[in-house]
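Shown next: target.cif, containing mmCIF, C-alpha atoms and all ligand atoms.
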data_protein
loop_
_atom_site.label_atom_id
_atom_site.label_comp_id
_atom_site.auth_asym_id
_atom_site.auth_seq_id
_atom_site.Cartn_x
_atom_site.Cartn_y
_atom_site.Cartn_z
CA MET G 1 88.66 43.52 77.52
CA PHE G 2 90.17 46.84 78.48
CA SER G 3 90.91 49.16 75.61
CA VAL G 4 94.13 51.12 75.89
CA PRO G 5 92.26 54.37 76.64
CA THR G 6 90.51 52.63 79.55
CA LEU G 7 93.82 51.53 80.97
CA VAL G 8 95.16 55.06 80.62
CA SER G 9 92.08 56.43 82.39
CA LEU G 10 92.56 53.98 85.23
CA LEU G 11 96.17 54.98 85.55
CA LEU G 12 95.14 58.62 85.69
CA LEU G 13 92.80 57.81 88.54
CA ALA G 14 95.50 55.93 90.35
CA VAL G 15 98.30 58.44 89.99
CA PRO G 16 97.11 61.40 92.10
CA HIS G 17 98.18 59.64 95.30
CA VAL G 18 101.76 59.96 94.22
CA VAL G 19 103.75 62.79 95.78
CA TYR G 20 105.92 64.99 93.61
CA ALA G 21 108.89 67.06 94.59
CA ASP G 22 109.19 70.65 93.54
CA PRO G 23 112.25 72.25 92.00
CA CYS G 24 112.72 76.01 92.10
CA VAL G 25 114.44 78.79 90.20
CA ALA G 26 116.17 81.93 91.45
CA PHE G 27 118.75 84.43 90.34
CA ASP G 28 121.97 85.16 92.15
CA ALA G 29 123.08 88.76 92.60
CA GLU G 30 125.01 88.64 89.30
CA PHE G 31 121.75 87.51 87.66
CA ASN G 32 122.94 84.06 86.80
CA LEU G 33 119.88 81.84 86.56
CA LEU G 34 119.99 78.98 89.06
CA ALA G 35 117.66 75.98 88.94
CA PHE G 36 117.55 73.76 92.00
CA GLY G 37 116.33 70.20 92.26
CA LEU G 38 116.05 69.29 88.57
CA ASN G 39 116.79 65.58 88.09
CA GLY G 40 118.21 65.61 91.60
CA LYS G 41 120.78 68.28 90.78
CA ASP G 42 121.24 72.03 90.86
CA TRP G 43 122.27 74.04 87.81
CA ASN G 44 123.67 77.43 86.89
CA ALA G 45 122.47 78.50 83.44
CA GLY G 46 124.59 81.67 83.46
CA GLN G 47 123.40 85.12 82.53
CA GLN G 48 120.66 85.88 80.05
CA SER G 49 123.08 86.34 77.12
CA SER G 50 123.97 82.65 77.37
CA TRP G 51 120.47 81.16 77.49
CA GLY G 52 120.22 80.48 73.78
CA SER G 53 122.51 77.45 73.66
CA GLY G 54 125.02 75.38 75.57
CA SER G 55 124.78 73.50 78.83
CA ALA G 56 124.20 74.65 82.38
CA THR G 57 126.91 74.10 84.97
CA ASP G 58 126.27 71.48 87.63
CA ILE G 59 126.43 73.31 90.98
CA THR G 60 125.12 70.44 93.10
CA ALA G 61 126.96 70.71 96.40
CA SER G 62 126.94 69.05 99.79
CA GLY G 63 124.61 70.46 102.40
CA ARG G 64 121.91 71.19 99.84
CA PRO G 65 118.33 70.40 100.74
CA PRO G 66 117.02 67.27 99.04
CA PHE G 67 114.41 69.31 97.17
CA ASP G 68 111.88 66.60 97.94
CA GLY G 69 109.25 68.91 99.42
CA THR G 70 106.10 70.40 97.96
CA GLY G 71 105.60 74.12 97.62
CA THR G 72 109.36 74.71 97.51
CA THR G 73 110.25 78.35 96.93
CA CYS G 74 113.51 80.27 96.57
CA TYR G 75 114.29 83.93 97.23
CA LEU G 76 117.31 86.05 96.39
CA ALA G 77 118.68 88.23 99.19
CA GLN G 78 120.29 90.67 96.77
CA PHE G 79 122.55 92.47 99.26
CA PHE G 80 124.05 89.19 100.44
CA ASN G 81 124.08 87.19 97.20
CA ALA G 82 122.32 84.46 99.11
CA ILE G 83 119.32 82.35 98.17
CA TYR G 84 116.89 81.20 100.80
CA VAL G 85 114.90 78.02 100.23
CA LEU G 86 111.63 77.32 102.00
CA ASN G 87 110.11 73.82 101.97
CA GLY G 88 113.22 72.27 100.43
CA ASP G 89 113.25 69.26 102.77
CA LYS G 90 110.01 67.46 103.49
CA SER G 91 111.49 65.77 106.57
CA ASN G 92 112.45 69.14 108.08
CA PRO G 93 109.89 71.58 106.76
CA SER G 94 110.78 74.38 109.17
CA ASP G 95 114.39 74.52 107.93
CA VAL G 96 115.44 77.43 105.77
CA HIS G 97 118.28 76.35 103.49
CA ILE G 98 120.74 79.08 102.62
CA TYR G 99 122.83 78.99 99.45
CA ASP G 100 125.79 81.36 99.48
CA ALA G 101 126.05 81.94 95.75
CA ALA G 102 129.55 83.40 95.92
CA ALA G 103 130.98 80.59 98.06
CA LYS G 104 128.73 78.00 96.35
CA SER G 105 127.99 76.48 99.74
CA TRP G 106 124.91 75.48 101.69
CA THR G 107 123.95 75.82 105.34
CA THR G 108 120.76 74.99 107.16
CA GLN G 109 119.02 77.55 109.33
CA LYS G 110 116.76 76.20 112.05
CA THR G 111 113.55 78.08 112.74
CA ASN G 112 110.79 77.87 115.30
CA THR G 113 107.50 78.01 113.37
CA ASN G 114 105.43 79.01 116.40
CA ASN G 115 102.61 77.25 114.53
CA PHE G 116 103.14 79.15 111.29
CA ASP G 117 101.68 76.76 108.72
CA LEU G 118 104.37 75.96 106.15
CA THR G 119 101.83 74.08 104.04
CA ASN G 120 99.59 77.11 103.58
CA PHE G 121 101.11 80.50 102.99
CA ALA G 122 102.54 82.97 100.51
CA ALA G 123 105.66 84.97 101.27
CA ILE G 124 107.94 87.71 100.02
CA LEU G 125 111.47 88.53 101.14
CA ASP G 126 111.69 92.25 101.76
CA HIS G 127 114.63 93.71 99.87
CA ASP G 128 115.87 96.29 102.36
CA THR G 129 115.20 94.65 105.71
CA ASN G 130 115.82 91.05 104.54
CA VAL G 131 112.75 89.98 106.44
CA PHE G 132 110.27 87.42 105.14
CA TYR G 133 106.66 88.53 105.30
CA ALA G 134 104.12 85.77 104.89
CA LEU G 135 100.36 85.59 104.91
CA SER G 136 98.86 82.36 106.20
CA LYS G 137 95.16 81.84 106.88
CA GLY G 138 94.61 85.56 107.27
CA ASP G 139 97.53 86.22 109.62
CA LEU G 140 100.66 88.16 108.73
CA TRP G 141 103.91 86.56 109.89
CA PHE G 142 107.54 87.52 109.64
CA LEU G 143 110.93 85.84 109.84
CA ASP G 144 113.98 88.09 110.13
CA MET G 145 116.93 86.77 108.10
CA SER G 146 119.09 89.77 109.15
CA SER G 147 122.36 89.59 107.16
CA LEU G 148 122.59 85.88 106.78
CA LYS G 149 124.46 84.22 103.98
CA ALA G 150 125.14 81.27 106.23
CA ALA G 151 123.04 79.84 109.03
CA THR G 152 123.50 80.96 112.62
CA SER G 153 123.37 78.54 115.50
CA SER G 154 120.42 80.37 117.03
CA VAL G 155 116.95 79.23 116.13
CA LEU G 156 115.06 82.00 114.33
CA PRO G 157 111.40 82.52 115.22
CA TRP G 158 108.50 82.92 112.82
CA THR G 159 106.50 85.70 114.49
CA ASN G 160 102.77 86.20 114.15
CA ALA G 161 102.67 89.96 113.63
CA GLU G 162 99.00 90.71 113.20
CA THR G 163 95.75 89.70 111.63
CA SER G 164 95.22 90.98 108.11
CA PRO G 165 91.98 92.66 107.05
CA TYR G 166 91.45 90.05 104.32
CA GLY G 167 89.94 87.16 106.24
CA SER G 168 91.18 83.64 106.85
CA ASP G 169 89.78 82.25 103.57
CA TYR G 170 91.77 84.56 101.31
CA GLN G 171 94.25 82.50 99.29
CA PRO G 172 97.14 84.95 99.23
CA THR G 173 98.68 86.41 96.10
CA MET G 174 101.33 88.77 97.37
CA ALA G 175 104.10 90.76 95.73
CA LEU G 176 106.86 93.09 96.82
CA ALA G 177 107.70 96.52 95.40
CA GLN G 178 108.91 99.72 97.08
CA ASN G 179 108.93 98.23 100.58
CA HIS G 180 105.22 97.63 100.20
CA VAL G 181 103.56 94.23 100.10
CA HIS G 182 100.80 94.13 97.49
CA PHE G 183 97.86 91.74 97.79
CA ILE G 184 95.77 90.88 94.74
CA GLY G 185 92.32 89.34 94.70
CA THR G 186 91.42 90.16 98.28
CA PRO G 187 87.69 90.00 99.02
CA GLY G 188 85.88 93.01 97.59
CA THR G 189 88.89 94.53 95.81
CA PRO G 190 88.17 95.18 92.13
CA ALA G 191 90.21 94.16 89.10
CA GLY G 192 93.14 96.49 88.46
CA SER G 193 93.62 97.32 92.17
CA ALA G 194 95.75 95.92 94.96
CA GLU G 195 95.69 96.15 98.74
CA ILE G 196 98.92 97.29 100.36
CA PHE G 197 100.85 96.57 103.55
CA VAL G 198 103.46 99.22 104.26
CA ILE G 199 106.40 97.34 105.72
CA HIS G 200 108.23 100.20 107.41
CA PHE G 201 105.12 101.32 109.28
CA SER G 202 103.66 97.85 109.72
CA PHE G 203 100.47 99.30 108.37
CA PHE G 204 97.67 97.95 106.19
CA GLN G 205 96.75 100.84 103.87
CA PRO G 206 92.98 101.31 104.28
CA GLN G 207 92.28 102.06 100.60
CA ALA G 208 93.14 99.78 97.70
CA GLN G 209 95.55 101.30 95.18
CA ALA G 210 94.24 101.45 91.60
CA TYR G 211 96.60 101.07 88.63
CA SER G 212 95.90 102.61 85.22
CA GLY G 213 96.41 100.68 81.99
CA PRO G 214 95.35 97.09 81.25
CA GLN G 215 93.32 95.78 84.19
CA PHE G 216 94.62 92.65 85.83
CA PRO G 217 91.94 90.28 87.11
CA ALA G 218 91.11 90.19 90.82
CA THR G 219 92.10 86.55 91.09
CA HIS G 220 94.69 84.26 92.54
CA GLY G 221 97.97 83.92 90.68
CA GLN G 222 101.73 83.97 90.95
CA THR G 223 104.03 86.97 91.30
CA THR G 224 107.67 87.88 91.04
CA SER G 225 109.38 91.26 91.42
CA PHE G 226 111.81 92.66 88.85
CA PHE G 227 115.08 93.63 90.46
CA GLN G 228 116.85 96.95 89.96
CA SER G 229 120.63 97.16 89.62
CA GLU G 230 120.52 99.05 92.90
CA GLY G 231 117.83 99.50 95.45
CA VAL G 232 114.40 98.15 96.03
CA GLN G 233 112.14 96.62 93.39
CA GLN G 234 109.69 99.01 91.75
CA GLU G 235 107.75 96.60 89.57
CA PHE G 236 106.32 93.15 89.90
CA ALA G 237 104.86 90.67 87.45
CA PHE G 238 101.48 89.12 88.20
CA ILE G 239 100.63 85.90 86.38
CA PRO G 240 96.95 85.26 87.09
CA ASP G 241 95.66 81.70 87.18
CA ASP G 242 93.60 82.47 84.05
CA PHE G 243 96.82 83.27 82.10
CA SER G 244 95.03 86.15 80.36
CA ASN G 245 98.39 87.97 80.23
CA VAL G 246 101.40 88.63 82.37
CA TYR G 247 100.69 91.98 84.02
CA VAL G 248 103.60 94.16 85.12
CA ILE G 249 102.61 96.58 87.84
CA ASN G 250 104.79 99.64 88.38
CA VAL G 251 104.24 101.02 91.86
CA GLU G 252 105.98 104.35 91.16
CA SER G 253 103.70 105.47 88.34
CA ASN G 254 100.89 103.14 89.46
CA THR G 255 100.44 101.81 85.96
CA THR G 256 100.10 98.34 84.49
CA THR G 257 101.60 97.00 81.26
CA THR G 258 101.55 93.51 79.79
CA LEU G 259 103.80 90.73 78.60
CA ALA G 260 102.73 87.63 76.68
CA ALA G 261 101.34 84.83 78.81
CA PRO G 262 103.92 82.10 79.47
CA PRO G 263 104.05 78.95 77.30
CA SER G 264 102.96 76.59 80.03
CA LYS G 265 99.48 77.36 81.39
CA ASP G 266 100.35 75.65 84.61
CA THR G 267 99.03 77.22 87.80
CA ASN G 268 101.68 75.30 89.72
CA ALA G 269 104.48 76.92 87.73
CA ARG G 270 106.84 79.22 89.65
CA TYR G 271 108.59 82.38 88.52
CA ALA G 272 111.75 84.38 89.07
CA SER G 273 112.84 87.73 87.67
CA SER G 274 116.11 89.49 87.05
CA ILE G 275 116.27 93.11 85.87
CA THR G 276 115.74 92.10 82.25
CA ALA G 277 113.93 88.76 82.21
CA LEU G 278 110.98 86.88 83.63
CA VAL G 279 111.49 83.13 84.01
CA GLN G 280 108.91 80.38 84.34
CA LEU G 281 109.61 76.94 85.81
CA ASP G 282 106.65 74.63 85.22
CA SER G 283 105.64 71.44 87.00
CA THR G 284 107.50 69.27 84.51
CA GLY G 285 110.77 71.11 85.08
CA ALA G 286 110.65 73.07 81.81
CA VAL G 287 112.27 76.51 82.17
CA SER G 288 111.33 79.37 79.82
CA PHE G 289 111.95 83.10 79.78
CA VAL G 290 110.72 86.30 78.22
CA PRO G 291 113.04 89.32 77.94
CA TYR G 292 111.95 92.49 79.71
CA LYS G 293 112.93 96.13 79.39
CA GLN G 294 111.72 98.44 82.11
CA GLY G 295 109.84 101.45 80.73
CA ASP G 296 109.49 100.07 77.20
CA ALA G 297 105.89 98.87 77.07
CA SER G 298 105.71 98.32 73.32
CA THR G 299 108.86 96.17 73.21
CA ASN G 300 107.64 94.22 76.20
CA SER G 301 104.17 93.54 74.85
CA ALA G 302 105.72 92.14 71.64
CA ALA G 303 108.37 90.01 73.39
CA THR G 304 108.09 86.25 73.07
CA TRP G 305 108.98 83.36 75.38
CA SER G 306 111.82 80.91 74.71
CA SER G 307 113.16 77.84 76.40
CA VAL G 308 116.28 78.36 78.55
CA ALA G 309 118.41 76.07 76.38
CA PRO G 310 121.28 75.39 78.84
CA ILE G 311 118.82 73.97 81.36
CA ALA G 312 116.89 72.02 78.75
CA ALA G 313 120.22 70.52 77.61
CA VAL G 314 121.10 69.14 81.03
CA ALA G 315 117.75 68.52 82.66
CA GLY G 316 115.97 66.97 79.70
CA THR G 317 113.48 69.76 79.21
CA SER G 318 113.04 71.82 76.06
CA SER G 319 110.57 74.20 74.55
CA GLY G 320 109.12 71.17 72.76
CA SER G 321 108.48 69.25 75.94
CA SER G 322 107.42 72.49 77.55
CA SER G 323 104.51 72.94 75.16
CA ALA G 324 103.61 69.28 75.43
CA ALA G 325 103.61 69.67 79.17
CA ALA G 326 101.49 72.77 78.89
CA SER G 327 98.66 70.93 77.21
CA GLY G 328 99.14 67.97 79.49
CA THR G 329 98.95 69.96 82.69
CA SER G 330 96.21 72.41 81.91
CA THR G 331 93.31 70.19 82.93
CA GLY G 332 94.85 69.04 86.13
CA SER G 333 96.09 72.47 87.03
CA SER G 334 92.67 73.99 87.10
CA GLY G 335 91.58 71.12 89.29
CA SER G 336 94.34 71.80 91.77
CA LYS G 337 93.79 75.52 92.05
CA THR G 338 92.51 75.41 95.58
CA SER G 339 95.62 73.68 96.81
CA ALA G 340 98.00 76.17 95.22
CA THR G 341 97.68 79.18 97.45
CA GLY G 342 101.07 80.75 97.31
CA SER G 343 102.37 83.55 95.21
CA GLY G 344 105.88 82.90 96.27
CA ALA G 345 105.05 79.85 98.25
CA PRO G 346 102.21 77.54 97.45
CA ALA G 347 100.37 75.48 99.95
CA GLY G 348 100.30 71.78 100.13
CA THR G 349 100.49 69.64 97.08
CA ARG G 350 100.42 70.01 93.36
CA LEU G 351 99.15 66.53 92.82
CA SER G 352 96.44 66.99 90.24
CA GLY G 353 98.46 69.15 87.93
CA THR G 354 101.53 67.00 87.84
CA ALA G 355 99.55 63.80 87.79
CA SER G 356 97.90 64.86 84.55
CA ALA G 357 101.27 65.58 83.03
CA THR G 358 102.37 62.11 83.99
CA GLY G 359 99.34 60.44 82.53
CA ALA G 360 99.33 62.49 79.38
CA SER G 361 102.86 61.69 78.39
CA ALA G 362 104.72 58.62 79.45
CA SER G 363 107.93 59.97 78.00
CA THR G 364 107.61 63.04 80.16
CA THR G 365 107.60 60.80 83.18
CA GLY G 366 110.55 58.72 82.21
CA THR G 367 112.93 61.09 80.59
CA SER G 368 112.21 64.74 80.76
CA ASN G 369 110.66 65.46 84.07
CA GLY G 370 113.15 67.06 86.33
CA ALA G 371 110.50 67.81 88.90
CA MET G 372 109.57 64.23 89.46
CA SER G 373 111.02 61.89 91.97
CA ASN G 374 108.48 59.13 91.68
CA ALA G 375 108.91 57.34 88.40
CA VAL G 376 109.14 54.19 90.47
CA SER G 377 105.73 54.78 92.02
CA PHE G 378 104.23 55.39 88.63
CA GLY G 379 105.82 52.20 87.38
CA ALA G 380 104.49 50.30 90.36
CA ILE G 381 100.96 51.47 89.67
CA ALA G 382 101.32 50.54 86.02
CA GLY G 383 102.58 47.13 87.12
CA VAL G 384 99.56 46.58 89.33
CA MET G 385 97.27 47.53 86.47
CA LEU G 386 99.00 45.09 84.15
CA ALA G 387 98.64 42.39 86.76
CA VAL G 388 94.92 43.16 86.96
CA LEU G 389 94.70 42.91 83.18
CA ALA G 390 96.52 39.59 83.18
CA TYR G 391 94.21 38.27 85.88
CA LEU G 392 91.10 39.32 83.96
CA HIS G 393 92.39 37.61 80.87
C1 LIG J 1 101.20 105.10 93.89
O1 LIG J 1 100.63 104.30 94.92
C2 LIG J 1 101.25 104.45 96.18
C3 LIG J 1 100.59 103.46 97.13
O2 LIG J 1 99.23 103.70 97.25
C4 LIG J 1 101.15 105.87 96.66
O3 LIG J 1 101.82 106.00 97.90
C5 LIG J 1 101.78 106.79 95.64
O4 LIG J 1 101.60 108.13 96.00
C6 LIG J 1 101.17 106.56 94.25
N1 LIG J 1 101.93 107.30 93.26
C7 LIG J 1 101.34 108.12 92.38
C8 LIG J 1 102.24 108.77 91.39
O5 LIG J 1 100.12 108.33 92.37
#
Represent the supplied structure as structure tokens.
Ligand SMILES: *[C@@H]1O[C@H](CO)[C@@H](O)[C@H](O)[C@H]1NC(C)=O
Amino acid sequence: MFSVPTLVSLLLLAVPHVVYADPCVAFDAEFNLLAFGLNGKDWNAGQQSSWGSGSATDITASGRPPFDGTGTTCYLAQFFNAIYVLNGDKSNPSDVHIYDAAAKSWTTQKTNTNNFDLTNFAAILDHDTNVFYALSKGDLWFLDMSSLKAATSSVLPWTNAETSPYGSDYQPTMALAQNHVHFIGTPGTPAGSAEIFVIHFSFFQPQAQAYSGPQFPATHGQTTSFFQSEGVQQEFAFIPDDFSNVYVINVESNTTTTLAAPPSKDTNARYASSITALVQLDSTGAVSFVPYKQGDASTNSAATWSSVAPIAAVAGTSSGSSSAAASGTSTGSSGSKTSATGSGAPAGTRLSGTASATGASASTTGTSNGAMSNAVSFGAIAGVMLAVLAYLH
């Protein structure tokens, strides 16, 4: 009859049809770490000094998006202490949900996509203009959020600005620093260089910019920009899909330094940065951070990652489950690379990666997975398999 490994294999084959919801992480303007959509709730883990112990505060409030979408991403509008959520509601994918972090309240901004494809894009929120720039299938789009910390009654348009020079097959990896959008891994651009779009002149710089120091690979990956206490970001972290390092690119000096690769080698993980920390949220809902000190390359290269304990305490994730999840997700993640296009905003699904995590660890599914909304589906599949087994007996 079926051995247990055979049953597990069959379950693994069955699971990828299940749809997972994505949580996201962002900082507010006081650099409290907020995690949205973990175990159906939203959490405030406080500032970095409090991440070693204790419990996060439940900030779940009415008007929030259900966080049942895929490719959910969150962005801090630093001037307004507001967080914008894209793809937070799978039933209303064009909605932008706005969290006013000071008022702790949610509103829903309606947009007209004008055929902007919310399942296939990467985006940054420009610091100074508060405009989203997004690349989707080779086209550059924008959405002007003006000064919003609550929705307006007018419908905001996604506008197709122009065609990029990078071709429609380029899976965008884009990052913001100094009012410039940086694109990594564009066709023909070598390792250690980025292509640049100059926001204020709406201009694609014709030459790639090279960065001295450790060369980042010319591949797809995730990015997040380190904030400054005032003014525009000057540095961004690039986490390539090969996890060779975290590369920090300074666009003032045009140099690259490194941080240790994150604990979870999960290409579907998402990132957020404050001034002094880089945070990873992986597909299982585990949240980890590495401290960061701008301008101190030797401290940074020696810094190590830790679990954000206050979130682990409330959302059932810990550094232990994080490393278990890392090994569980690595196989599936590489398989799902083509579907994860976004730097800030991935395309489509993260099915393979999360499915592997499910199959690899039943306890992850049941108890510790904040990202998952489908334990019932998994149970149903398991039930069907058991019924098949019983029938064959
Ligand atoms: C860094 O790169 C930017 C973008 O290409 C460029 O405008 C700037 O002059 C460079 N800075 C230095 C110090 O080379």
Find the axis-aligned box for range 240-251 of chain G, covering all its listed atoms and adding 4 Å on each side, and write its centre and edge lengths in Å to one decimal as AutoDock Vina command-line options.
--center_x 99.2 --center_y 91.4 --center_z 86.0 --size_x 19.2 --size_y 27.3 --size_z 19.6
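Here CA of Asn179 in chain G stands at a distance of 7.1 Å from CA of His200 in chain G.
Where the distance criterion is 10 Å and the atoms used are only C-alpha atoms and all ligand atoms, the residues close to ligand LIG 1 (chain J) are Gln178, His180, His182, Ser193, Ala194, Glu195, Ile196, Phe197, Val198, Gln205, Pro206, Gln207, Ala208, Gln209, Ala210, Tyr211, Asn250, Val251, Glu252, Ser253, Asn254 and Thr255 of chain G.
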Would you save the residues of that selection, restricted to C-alpha atoms, as a PDB file, keeping the file's coordinate frame?
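Output file out_3.pdb follows:
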ATOM      1  CA  GLN G 178     108.910  99.720  97.080  1.00  0.00           C
ATOM      2  CA  HIS G 180     105.220  97.630 100.200  1.00  0.00           C
ATOM      3  CA  HIS G 182     100.800  94.130  97.490  1.00  0.00           C
ATOM      4  CA  SER G 193      93.620  97.320  92.170  1.00  0.00           C
ATOM      5  CA  ALA G 194      95.750  95.920  94.960  1.00  0.00           C
ATOM      6  CA  GLU G 195      95.690  96.150  98.740  1.00  0.00           C
ATOM      7  CA  ILE G 196      98.920  97.290 100.360  1.00  0.00           C
ATOM      8  CA  PHE G 197     100.850  96.570 103.550  1.00  0.00           C
ATOM      9  CA  VAL G 198     103.460  99.220 104.260  1.00  0.00           C
ATOM     10  CA  GLN G 205      96.750 100.840 103.870  1.00  0.00           C
ATOM     11  CA  PRO G 206      92.980 101.310 104.280  1.00  0.00           C
ATOM     12  CA  GLN G 207      92.280 102.060 100.600  1.00  0.00           C
ATOM     13  CA  ALA G 208      93.140  99.780  97.700  1.00  0.00           C
ATOM     14  CA  GLN G 209      95.550 101.300  95.180  1.00  0.00           C
ATOM     15  CA  ALA G 210      94.240 101.450  91.600  1.00  0.00           C
ATOM     16  CA  TYR G 211      96.600 101.070  88.630  1.00  0.00           C
ATOM     17  CA  ASN G 250     104.790  99.640  88.380  1.00  0.00           C
ATOM     18  CA  VAL G 251     104.240 101.020  91.860  1.00  0.00           C
ATOM     19  CA  GLU G 252     105.980 104.350  91.160  1.00  0.00           C
ATOM     20  CA  SER G 253     103.700 105.470  88.340  1.00  0.00           C
ATOM     21  CA  ASN G 254     100.890 103.140  89.460  1.00  0.00           C
ATOM     22  CA  THR G 255     100.440 101.810  85.960  1.00  0.00           C
TER      23      THR G 255
END
Q | Within-10 Å shell of (120.3, 85.5, 78.3) in input frame, all atoms listed in the file, as JSON, numbers by chain | A | {"G": [31, 32, 33, 45, 46, 47, 48, 49, 50, 51, 52, 53, 276, 277, 289, 290, 291, 308, 309]}
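In this comparison, which uses only C-alpha atoms, the residue of G:Ser91, G:Thr284, G:Thr111, G:Thr57 approaching Cys24 in chain G most closely is G:Thr284.
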Q) Taking (124.6, 85.5, 96.8) in the file's coordinates, which residues come within 7 Å, counting only C-alpha atoms, written as an NGL selection string? A) :G and (28-29 or 77-78 or 80-83 or 100-102)
Q) So which one's closest to Ser154 in chain G, G:Thr119, G:Thr108, G:Thr173, G:Ser298? Using all atoms listed in the file, please. A)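 Ranked by minimum distance to Ser154 in chain G, first place goes to G:Thr108.
Put simply, CA of Phe36 in chain G is 27.7 Å away from CA of Asn114 in chain G.
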**Q.** Atomic separation - CA of Val96 in chain G relative to CA of Glu162 in chain G, Å
**A.**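 We find that CA of Glu162 in chain G and CA of Val96 in chain G lie 22.4 Å from each other.
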Just add N, CA and C atoms to range 67-84 of chain G and send it as a PDB file, in the coordinates of the input.
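The file below, selection-v8.pdb, is the result:
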ATOM      1  N   PHE G  67     115.431  68.853  98.121  1.00  0.00           N
ATOM      2  CA  PHE G  67     114.410  69.310  97.170  1.00  0.00           C
ATOM      3  C   PHE G  67     113.376  68.205  96.926  1.00  0.00           C
ATOM      4  N   ASP G  68     112.901  67.648  98.026  1.00  0.00           N
ATOM      5  CA  ASP G  68     111.880  66.600  97.940  1.00  0.00           C
ATOM      6  C   ASP G  68     110.553  67.083  98.532  1.00  0.00           C
ATOM      7  N   GLY G  69     110.459  68.378  98.814  1.00  0.00           N
ATOM      8  CA  GLY G  69     109.250  68.910  99.420  1.00  0.00           C
ATOM      9  C   GLY G  69     108.242  69.363  98.378  1.00  0.00           C
ATOM     10  N   THR G  70     107.074  69.774  98.845  1.00  0.00           N
ATOM     11  CA  THR G  70     106.100  70.400  97.960  1.00  0.00           C
ATOM     12  C   THR G  70     106.004  71.868  98.345  1.00  0.00           C
ATOM     13  N   GLY G  71     105.681  72.692  97.359  1.00  0.00           N
ATOM     14  CA  GLY G  71     105.600  74.120  97.620  1.00  0.00           C
ATOM     15  C   GLY G  71     106.959  74.719  97.901  1.00  0.00           C
ATOM     16  N   THR G  72     108.007  74.165  97.308  1.00  0.00           N
ATOM     17  CA  THR G  72     109.360  74.710  97.510  1.00  0.00           C
ATOM     18  C   THR G  72     109.481  76.062  96.819  1.00  0.00           C
ATOM     19  N   THR G  73     110.046  77.032  97.530  1.00  0.00           N
ATOM     20  CA  THR G  73     110.250  78.350  96.930  1.00  0.00           C
ATOM     21  C   THR G  73     111.627  78.879  97.297  1.00  0.00           C
ATOM     22  N   CYS G  74     112.171  79.718  96.407  1.00  0.00           N
ATOM     23  CA  CYS G  74     113.510  80.270  96.570  1.00  0.00           C
ATOM     24  C   CYS G  74     113.462  81.783  96.427  1.00  0.00           C
ATOM     25  N   TYR G  75     114.305  82.463  97.190  1.00  0.00           N
ATOM     26  CA  TYR G  75     114.290  83.930  97.230  1.00  0.00           C
ATOM     27  C   TYR G  75     115.718  84.431  97.226  1.00  0.00           C
ATOM     28  N   LEU G  76     115.993  85.429  96.391  1.00  0.00           N
ATOM     29  CA  LEU G  76     117.310  86.050  96.390  1.00  0.00           C
ATOM     30  C   LEU G  76     117.365  87.180  97.420  1.00  0.00           C
ATOM     31  N   ALA G  77     118.339  87.104  98.329  1.00  0.00           N
ATOM     32  CA  ALA G  77     118.680  88.230  99.190  1.00  0.00           C
ATOM     33  C   ALA G  77     119.777  88.991  98.459  1.00  0.00           C
ATOM     34  N   GLN G  78     119.397  90.038  97.749  1.00  0.00           N
ATOM     35  CA  GLN G  78     120.290  90.670  96.770  1.00  0.00           C
ATOM     36  C   GLN G  78     121.545  91.251  97.419  1.00  0.00           C
ATOM     37  N   PHE G  79     121.397  91.865  98.591  1.00  0.00           N
ATOM     38  CA  PHE G  79     122.550  92.470  99.260  1.00  0.00           C
ATOM     39  C   PHE G  79     123.600  91.423  99.641  1.00  0.00           C
ATOM     40  N   PHE G  80     123.158  90.202  99.871  1.00  0.00           N
ATOM     41  CA  PHE G  80     124.050  89.190 100.440  1.00  0.00           C
ATOM     42  C   PHE G  80     124.417  88.104  99.433  1.00  0.00           C
ATOM     43  N   ASN G  81     123.869  88.213  98.230  1.00  0.00           N
ATOM     44  CA  ASN G  81     124.080  87.190  97.200  1.00  0.00           C
ATOM     45  C   ASN G  81     123.818  85.800  97.778  1.00  0.00           C
ATOM     46  N   ALA G  82     122.713  85.721  98.495  1.00  0.00           N
ATOM     47  CA  ALA G  82     122.320  84.460  99.110  1.00  0.00           C
ATOM     48  C   ALA G  82     120.917  84.102  98.638  1.00  0.00           C
ATOM     49  N   ILE G  83     120.651  82.809  98.552  1.00  0.00           N
ATOM     50  CA  ILE G  83     119.320  82.350  98.170  1.00  0.00           C
ATOM     51  C   ILE G  83     118.756  81.532  99.322  1.00  0.00           C
ATOM     52  N   TYR G  84     117.561  81.885  99.711  1.00  0.00           N
ATOM     53  CA  TYR G  84     116.890  81.200 100.800  1.00  0.00           C
ATOM     54  C   TYR G  84     115.835  80.248 100.222  1.00  0.00           C
TER      55      TYR G  84
END
